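Here's the structure, in structure tokens; my notes come after.
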4 protein chains.
Amino acid sequence: MTHSPIRIGLIGTGRIGQAHAANIAASPDATLARVADPFIAGATAVTERFGGTATASAEELIDSGEIDAVLIASPTPTHVDLIGAAVDAGLPVLCEKPIDLDIARVDALAPRVAASGVPVAIGFNRRFDPAFSAVQARVAAGEIGRLEQLTIVSRDPAAPPAEYVGVSGGIFRDMTIHDFDMARYFLPDIVEVTAIGGALFDTGAQQHGDLDTAVTTLRAASGAIVTIINSRHSAIGYDQRIEAFGAGGMLQVANAPTSLVSLSTAETVEAKAPYQAFFLQRYAAAYALEFDAFVRLARGEDSASSTFADGRAALVLADAAVRSAAEGRTVAVDLG
Amino acid sequence: MTHSPIRIGLIGTGRIGQAHAANIAASPDATLARVADPFIAGATAVTERFGGTATASAEELIDSGEIDAVLIASPTPTHVDLIGAAVDAGLPVLCEKPIDLDIARVDALAPRVAASGVPVAIGFNRRFDPAFSAVQARVAAGEIGRLEQLTIVSRDPAAPPAEYVGVSGGIFRDMTIHDFDMARYFLPDIVEVTAIGGALFDTGAQQHGDLDTAVTTLRAASGAIVTIINSRHSAIGYDQRIEAFGAGGMLQVANAPTSLVSLSTAETVEAKAPYQAFFLQRYAAAYALEFDAFVRLARGEDSASSTFADGRAALVLADAAVRSAAEGRTVAVDLG
Amino acid sequence: MTHSPIRIGLIGTGRIGQAHAANIAASPDATLARVADPFIAGATAVTERFGGTATASAEELIDSGEIDAVLIASPTPTHVDLIGAAVDAGLPVLCEKPIDLDIARVDALAPRVAASGVPVAIGFNRRFDPAFSAVQARVAAGEIGRLEQLTIVSRDPAAPPAEYVGVSGGIFRDMTIHDFDMARYFLPDIVEVTAIGGALFDTGAQQHGDLDTAVTTLRAASGAIVTIINSRHSAIGYDQRIEAFGAGGMLQVANAPTSLVSLSTAETVEAKAPYQAFFLQRYAAAYALEFDAFVRLARGEDSASSTFADGRAALVLADAAVRSAAEGRTVAVDLG
Amino acid sequence: MTHSPIRIGLIGTGRIGQAHAANIAASPDATLARVADPFIAGATAVTERFGGTATASAEELIDSGEIDAVLIASPTPTHVDLIGAAVDAGLPVLCEKPIDLDIARVDALAPRVAASGVPVAIGFNRRFDPAFSAVQARVAAGEIGRLEQLTIVSRDPAAPPAEYVGVSGGIFRDMTIHDFDMARYFLPDIVEVTAIGGALFDTGAQQHGDLDTAVTTLRAASGAIVTIINSRHSAIGYDQRIEAFGAGGMLQVANAPTSLVSLSTAETVEAKAPYQAFFLQRYAAAYALEFDAFVRLARGEDSASSTFADGRAALVLADAAVRSAAEGRTVAVDLG
């Protein structure tokens, strides 16, 4: 069965919006039909490069009748309204994470999404990383027996600007939220969150009462324990590793090399080039695969896309981590 | 300056006692003078192999007048009394960890040790592992800038017998205690402990209300955060890794290879032999270096030996972890 | 300064021609204008996918007036005539290796190419591999001091069909020719060739008096020694490694991992996925960069493209290797 | 069955003699009974440390009636006479390599050794390296199918003094001889030798017409091809690697790490400490296992010791390599 390409309306043309535009344009299954950004020059730059028609208005894009699905890459505070408008219009949505920083707003939106019957995917791109998805599949296939411990090391190369930190919702809702979703990729039913952290180096975090360093442990209903180790900076480059420890063995995902070359001298041997700069490089393949999955979802086919419920669950875990770190106690959660 | 060899009295001839006997015999700075074990055949077997005179009585050993220092490798419940007797006799002590499972007994002994002025070392052998001590020294020298996160993975190959679990004091006092000391090797002043765990696979732990899987986070006075990941079993062999993450880089200690050989086939490439079986293999060099340090301590020289205070501090942290895991809250500690 | 895209005429639409077509289509600096293949269905399939007009006739393509440069990916026996026709027409050429299997035909063509003043590049794609070119640049920059030994391991995944072996010109002219060029990338002035080999496993090689296993050593004018280790099969996948050994250190290029995942069990640890299947995967980036360099060459800009002289030199070394292996003696060469 | 320890007479107390003395002393199956060196202070220093009686005279040692076997670690020119005297006296011999630099002298000795019926082992210690012997056993067991290529990289840390180079017999007889034996460990029946080399950096080699850099290829009767890559210096430390390539896979022996620590910074990642300094460190285990095998040989038990015939064969290959490098041609050998 052949399909005509899905016409995508892209909302938001910042760094991540541009990356999505490139993937849409490169996909044989999709075309970039409309691009909206109130900063119209941004929208125009994208359409000149990747095709489609630019508009300043997301509403106009949704109501254009010229698109089959919406990709939302605009700032977080706009997500809830745009998802709502899109599903009301019957348009499948791929929305960047997080849905919102306020669980009350997410919960208010949930029935509207459910009632619409329109598929909504949340942009947890890391589920589509070939290494992470291979490990998840191999764990699920029983290759290392029962999963007992999952360790996620996730460190960004450098802290964001202080003004961003102030509106980010804090490290757990802004950064760890990816790791919460990764934890749920392996162990969907998390029942308990314990977090500690500090503001060791980032003046933005220090000003805004946020953390730059955090360790979160999760307990799954199965009894398995997840450890998430975060830092807002990493001198060695983007540090993204996973270790799944089971009764029968261990599967590890190493940092991605940027070169096959190593140097040995009288001082040190086998020294390699630093790891990738940041997520657009490290997860380039993941973004493309995430979009492919969304196309399948929009077509009503089987798809591994993260769901609205996944987006909500990650925020619930982030809220619990905020509370745990603040109150110095383990917080029970019910993702049911 | 030359010294005559120190005459060592060894108490306890189980697995670890035998390992110490071999190191004493191999040291150019020591001789094995007396060996005590109520299981006299054990003591005799050691003296036949490594020299010295066997006795069933530790008291007799201490009072023999034929030894210059005592190495205590007998069961934990005997440690407090034997340390007390040794320091009363003016004999420097190297005692296997832990000092005791009951902090009250340790605290009762402390003034007696202090008043004696006799040096007491506690057998935290891992401080002497060449890899761990190199990392500690390089961190201390500022090679990776300020230390922000320390991650310790410590997994035993297999759970101990159920009867041992019942008298072990629990995973934190029995197993994690080594990792608590390792944390303090890098960050002596720990102020806060948070632990979670479960009994996922070991029937001994399940019977005795103990844990077989645990993750503990520590906060240091400096703000640095330590993560300790434990399991009572490990299909891949003894899993002992450390990662020191600083503002300027990262130092990692890998598991020790047991062979230089790797196999590549059509199925997998670069496959290596499993890691070492357990601590006597992995830490063979550490035990020898620990004994060397004790000889220097006994001679009144500079020494990196763990102290009685270190032994107490590790137990305080273990107690706090027990409480944290039981009560679901962070526990403040004062090691001052 | 901006350029209008270069219009490429592609001759040959086999596996490698298709790969070039994709790179031409993906380049912002080029368009695929004409595609020629006597097997017209092949040409049409390429134009339908990547654009341009299909023709059965390479002559028609060259004379069309619709192209600015020619990319020759047709069978080796056609190369000499097509290069000649293209340079006569003033069209820059990128021709797949080898120029020809017969050095006499290459030498007969050389003055015609020289007289034309038209740039001719030979498709030694490996010079553009990011790892190899990084090592070459670092060696040239003196990072490991004087280069003393270069070791090239180059093993194909599986032997070609017996009928291909019969017309291939033999392992040295067909396969090792890439390694000869790689050797000259580091050490252009080779003065001596010594080769041995055998037909250990491939019935095609055995039938046709060819080799499937060979080791060739080269001596450079600088005194440096190159070792090339070849096999026509490799159970572990495409095996492509380089090691540059200098007075001050060593730079190594490892095989390219296909996954970041490793598995550890009780049997083996750190086992990884097999290496890449073959050259189209391993050298995907190299082919794209090779084409970029050709665009610069065609525009008269500085370019790292292999030249006609490089193509000739590789064949001279291959011929010398054939003679050396047959006669059991070192063969002097003069590439001057 | 228990044995009384074998009483060893050690001849020669240079660096390698001292290493043997330590292994003899550490062996439960042997004692160091007599030590001979015309430099009597050297002999005395060894007996003071490891036991036994010192003498200036090797003859006296052999005739003492106080030894059961002889270990010859004296300069090469003395080997032939001492082996002859020892076998005449009925004493099993372990002699350091090479037997002699002159094949005529070796061949003259051979019938005397054979007629004596006394076992003579030659000190090719690398056969006892746990990694190399594991690979040899796994190849022999068919783990990688038919062995097609064996690659040996063998580079010393630094060239020997010029005066030593002058009497060394040249790189092939002095250094490569170990690699010739290693080749024969995997492929005993070598039929052809091809070698090239140069004197690139070592003034000693340049003065004495020797080489400091060499590549030798061997053809085995099975058709398998061996490549030996040598250098007299190596900035990165002692470089000792082996790669066995078979129809079904590849077994590799990596250089031995000296630490488990790696450093990652913004400049390079996973940088490790340099490799081991030289053979006494790298092959410490091999020397001990070699001596164990000799004890078994001396007792008439099964043993993996290299034989007198192995020692002769390595010299035949070295002579052929000298001729091949000098004459620029492949040299056939008959080790039968």
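Residue numbering restarts at 1 for every chain of the structure tokens, chains are lettered A, B, ... in their displayed order, and ligands are numbered from 1 as they appear.
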In region 88-206 of chain B, DSSP alpha helix (DSSP H) residues written as JSON, numbers by chain = {"B": [88, 103, 104, 105, 106, 107, 108, 109, 110, 111, 112, 113, 114, 115, 116, 130, 131, 132, 133, 134, 135, 136, 137, 138, 139, 140, 162, 163, 164, 165, 166, 167, 171, 172, 173, 174, 176, 177, 178, 179, 180, 181, 182, 183, 184, 185, 186, 203, 204, 205, 206]}
Residues of chain B no more than 6 Å from chain A, counting only C-alpha atoms: send them over as a list in words.
-> Ala235, Ile236, Gly248, Gly249, Gly328, Arg329 and Thr330 of chain B
Next, write the just-selected residues to a file, as a PDB file, in the first residue's frame, keeping N, CA and C atoms as the atom set.
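Saved as selection-v4.pdb:
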```
ATOM      1  N   ALA B 235      26.391 -11.374  37.494  1.00  0.00           N
ATOM      2  CA  ALA B 235      26.677 -12.481  36.574  1.00  0.00           C
ATOM      3  C   ALA B 235      28.014 -12.299  35.862  1.00  0.00           C
ATOM      4  N   ILE B 236      28.441 -11.059  35.690  1.00  0.00           N
ATOM      5  CA  ILE B 236      29.649 -10.790  34.900  1.00  0.00           C
ATOM      6  C   ILE B 236      30.917 -10.859  35.729  1.00  0.00           C
ATOM      7  N   GLY B 248      36.491  19.907  35.540  1.00  0.00           N
ATOM      8  CA  GLY B 248      37.374  19.939  34.387  1.00  0.00           C
ATOM      9  C   GLY B 248      37.553  18.628  33.669  1.00  0.00           C
ATOM     10  N   GLY B 249      36.899  17.579  34.125  1.00  0.00           N
ATOM     11  CA  GLY B 249      37.078  16.293  33.451  1.00  0.00           C
ATOM     12  C   GLY B 249      36.640  15.142  34.330  1.00  0.00           C
ATOM     13  N   GLY B 328      12.471   6.056  54.521  1.00  0.00           N
ATOM     14  CA  GLY B 328      12.166   6.816  53.311  1.00  0.00           C
ATOM     15  C   GLY B 328      12.487   8.280  53.430  1.00  0.00           C
ATOM     16  N   ARG B 329      13.594   8.590  54.093  1.00  0.00           N
ATOM     17  CA  ARG B 329      13.962  10.009  54.198  1.00  0.00           C
ATOM     18  C   ARG B 329      15.473  10.146  54.284  1.00  0.00           C
ATOM     19  N   THR B 330      15.937  11.313  53.937  1.00  0.00           N
ATOM     20  CA  THR B 330      17.347  11.648  54.033  1.00  0.00           C
ATOM     21  C   THR B 330      17.715  11.799  55.509  1.00  0.00           C
TER      22      THR B 330
END
```
What lies within 12 Å of Ala140 (chain C) using only C-alpha atoms, ignoring chain neighbours under 4 positions off, as a ChimeraX atom specification?
-> /C:133-136,144-147,185-187,244,246,251
Given the selection you just returned, output its residues as a file containing N, CA and C atoms, formatted as a PDB file, in the first residue's frame.
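The new file out.pdb reads:
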```pdb
ATOM      1  N   SER C 133      42.045  10.781   6.895  1.00  0.00           N
ATOM      2  CA  SER C 133      42.578  12.103   6.560  1.00  0.00           C
ATOM      3  C   SER C 133      43.022  12.842   7.815  1.00  0.00           C
ATOM      4  N   ALA C 134      42.350  12.592   8.944  1.00  0.00           N
ATOM      5  CA  ALA C 134      42.809  13.218  10.197  1.00  0.00           C
ATOM      6  C   ALA C 134      44.187  12.699  10.582  1.00  0.00           C
ATOM      7  N   VAL C 135      44.386  11.400  10.435  1.00  0.00           N
ATOM      8  CA  VAL C 135      45.688  10.830  10.785  1.00  0.00           C
ATOM      9  C   VAL C 135      46.761  11.359   9.827  1.00  0.00           C
ATOM     10  N   GLN C 136      46.434  11.398   8.553  1.00  0.00           N
ATOM     11  CA  GLN C 136      47.410  11.904   7.584  1.00  0.00           C
ATOM     12  C   GLN C 136      47.804  13.338   7.943  1.00  0.00           C
ATOM     13  N   ILE C 144      53.438  12.823  15.635  1.00  0.00           N
ATOM     14  CA  ILE C 144      54.143  11.623  16.115  1.00  0.00           C
ATOM     15  C   ILE C 144      55.593  11.603  15.626  1.00  0.00           C
ATOM     16  N   GLY C 145      56.120  12.752  15.261  1.00  0.00           N
ATOM     17  CA  GLY C 145      57.505  12.793  14.782  1.00  0.00           C
ATOM     18  C   GLY C 145      57.630  12.160  13.410  1.00  0.00           C
ATOM     19  N   ARG C 146      58.848  11.804  13.071  1.00  0.00           N
ATOM     20  CA  ARG C 146      59.082  11.195  11.769  1.00  0.00           C
ATOM     21  C   ARG C 146      58.304   9.888  11.622  1.00  0.00           C
ATOM     22  N   LEU C 147      57.629   9.728  10.506  1.00  0.00           N
ATOM     23  CA  LEU C 147      56.868   8.503  10.252  1.00  0.00           C
ATOM     24  C   LEU C 147      57.830   7.387   9.855  1.00  0.00           C
ATOM     25  N   TYR C 185      49.311   8.312   0.076  1.00  0.00           N
ATOM     26  CA  TYR C 185      48.697   9.469   0.740  1.00  0.00           C
ATOM     27  C   TYR C 185      49.618   9.947   1.866  1.00  0.00           C
ATOM     28  N   PHE C 186      50.244   8.989   2.537  1.00  0.00           N
ATOM     29  CA  PHE C 186      51.187   9.310   3.616  1.00  0.00           C
ATOM     30  C   PHE C 186      52.611   9.474   3.090  1.00  0.00           C
ATOM     31  N   LEU C 187      52.983   8.630   2.148  1.00  0.00           N
ATOM     32  CA  LEU C 187      54.371   8.552   1.681  1.00  0.00           C
ATOM     33  C   LEU C 187      54.357   8.482   0.152  1.00  0.00           C
ATOM     34  N   ALA C 244      49.805   4.387  12.119  1.00  0.00           N
ATOM     35  CA  ALA C 244      50.980   5.173  11.744  1.00  0.00           C
ATOM     36  C   ALA C 244      51.901   5.241  12.954  1.00  0.00           C
ATOM     37  N   GLY C 246      55.373   6.489  14.547  1.00  0.00           N
ATOM     38  CA  GLY C 246      56.428   7.471  14.365  1.00  0.00           C
ATOM     39  C   GLY C 246      57.409   7.454  15.517  1.00  0.00           C
ATOM     40  N   LEU C 251      49.514   6.786  15.857  1.00  0.00           N
ATOM     41  CA  LEU C 251      48.115   7.121  15.604  1.00  0.00           C
ATOM     42  C   LEU C 251      47.452   5.910  14.969  1.00  0.00           C
TER      43      LEU C 251
END
```
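The protein and nucleic acid residues lying at most 7 Å from region 47-51 of chain A are Ala21, Ala22, Ala25, Leu32 and Val35 of chain A, with only C-alpha atoms considered and sequence neighbours fewer than 6 positions away removed.
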Counting only C-alpha atoms, figure out which residue out of A:Ala30, A:Ile16, A:Ala141, A:Ile171 gets nearest to His3 (chain A).
-> A:Ala30
Long-range neighbours of region 270-281 of chain A as a PyMOL selection string, 7 Å cut-off, only C-alpha atoms, 4 positions minimum in chain = (chain A and resi 157+236-238+255-259+261-264) or (chain D and resi 266-272)
12 Å contact set for Ala288 (chain D), only C-alpha atoms, chain neighbours under 3 positions out, as an MDAnalysis selection string = chainID D and resid 19:30 123 125:130 280:281 283:285 291:295
Serialized selection, C-alpha atoms, as a PDB file, in the first residue's frame:
```pdb
ATOM      1  CA  ALA D  19      65.004 -12.753  37.081  1.00  0.00           C
ATOM      2  CA  HIS D  20      65.436 -16.507  36.748  1.00  0.00           C
ATOM      3  CA  ALA D  21      66.951 -16.705  40.230  1.00  0.00           C
ATOM      4  CA  ALA D  22      63.855 -15.088  41.704  1.00  0.00           C
ATOM      5  CA  ASN D  23      61.608 -17.575  39.927  1.00  0.00           C
ATOM      6  CA  ILE D  24      63.713 -20.538  41.016  1.00  0.00           C
ATOM      7  CA  ALA D  25      63.601 -19.334  44.615  1.00  0.00           C
ATOM      8  CA  ALA D  26      59.838 -18.781  44.451  1.00  0.00           C
ATOM      9  CA  SER D  27      59.121 -22.205  42.987  1.00  0.00           C
ATOM     10  CA  PRO D  28      57.939 -24.907  45.417  1.00  0.00           C
ATOM     11  CA  ASP D  29      59.499 -27.443  43.040  1.00  0.00           C
ATOM     12  CA  ALA D  30      63.044 -26.109  42.881  1.00  0.00           C
ATOM     13  CA  GLY D 123      64.232 -19.832  26.658  1.00  0.00           C
ATOM     14  CA  ASN D 125      59.551 -17.255  27.212  1.00  0.00           C
ATOM     15  CA  ARG D 126      56.763 -15.761  25.134  1.00  0.00           C
ATOM     16  CA  ARG D 127      55.251 -19.184  24.480  1.00  0.00           C
ATOM     17  CA  PHE D 128      54.358 -19.080  28.168  1.00  0.00           C
ATOM     18  CA  ASP D 129      52.698 -15.683  28.167  1.00  0.00           C
ATOM     19  CA  PRO D 130      49.136 -16.430  29.335  1.00  0.00           C
ATOM     20  CA  LEU D 280      60.851  -8.202  32.501  1.00  0.00           C
ATOM     21  CA  GLN D 281      57.559  -6.489  33.367  1.00  0.00           C
ATOM     22  CA  TYR D 283      56.578 -11.209  30.527  1.00  0.00           C
ATOM     23  CA  ALA D 284      56.962 -11.653  34.290  1.00  0.00           C
ATOM     24  CA  ALA D 285      54.298 -14.347  34.356  1.00  0.00           C
ATOM     25  CA  PHE D 291      60.543 -22.277  34.546  1.00  0.00           C
ATOM     26  CA  ASP D 292      57.648 -24.441  35.747  1.00  0.00           C
ATOM     27  CA  ALA D 293      57.607 -26.134  32.354  1.00  0.00           C
ATOM     28  CA  PHE D 294      61.334 -26.721  32.545  1.00  0.00           C
ATOM     29  CA  VAL D 295      60.936 -28.422  35.915  1.00  0.00           C
TER      30      VAL D 295
END
```
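Closest to Ala54 (chain B) among B:Leu82, B:Leu91, B:Ile190, B:Leu10 is B:Leu10, based on only C-alpha atoms.
Between CA of Asp156 (chain B) and CA of Arg241 (chain B) the separation is 11.8 Å.
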Could you check which of B:Val167, B:Ala254, B:Ala104, B:Ile72 is closest to Ala121 (chain B), using only C-alpha atoms?
-> B:Ile72
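All residues of protein, DNA or RNA that reach within 12 Å of Gly65 (chain B), judged by only C-alpha atoms and not counting those fewer than 3 positions away in the chain, are B:Arg7, B:Ile8, B:Gly9, B:Ala33, B:Arg34, B:Glu59, B:Glu60, B:Leu61, B:Ile62, B:Asp68, B:Ala69, B:Val70, B:Ala86, B:Ala89, B:Gly90, B:Leu91.
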I need the residues from that last selection saved to file as an mmCIF file, in the first residue's frame (with C-alpha atoms), if you can.
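Output below, filename out_17.cif:
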```cif
data_model
loop_
_atom_site.group_PDB
_atom_site.id
_atom_site.type_symbol
_atom_site.label_atom_id
_atom_site.label_comp_id
_atom_site.auth_asym_id
_atom_site.auth_seq_id
_atom_site.Cartn_x
_atom_site.Cartn_y
_atom_site.Cartn_z
ATOM 1 C CA ARG B 7 56.785 -9.593 64.484
ATOM 2 C CA ILE B 8 53.112 -9.973 63.673
ATOM 3 C CA GLY B 9 50.510 -11.858 65.660
ATOM 4 C CA ALA B 33 55.411 -14.766 64.778
ATOM 5 C CA ARG B 34 52.175 -16.046 66.295
ATOM 6 C CA GLU B 59 44.763 -13.727 74.648
ATOM 7 C CA GLU B 60 47.838 -15.903 74.809
ATOM 8 C CA LEU B 61 48.987 -14.423 71.514
ATOM 9 C CA ILE B 62 48.541 -10.867 72.753
ATOM 10 C CA ASP B 68 55.166 -6.287 67.990
ATOM 11 C CA ALA B 69 51.754 -5.826 66.370
ATOM 12 C CA VAL B 70 48.434 -7.596 65.905
ATOM 13 C CA ALA B 86 45.838 -5.204 72.027
ATOM 14 C CA ALA B 89 49.153 -4.270 75.680
ATOM 15 C CA GLY B 90 50.633 -1.440 73.626
ATOM 16 C CA LEU B 91 50.421 -3.395 70.365
#
```
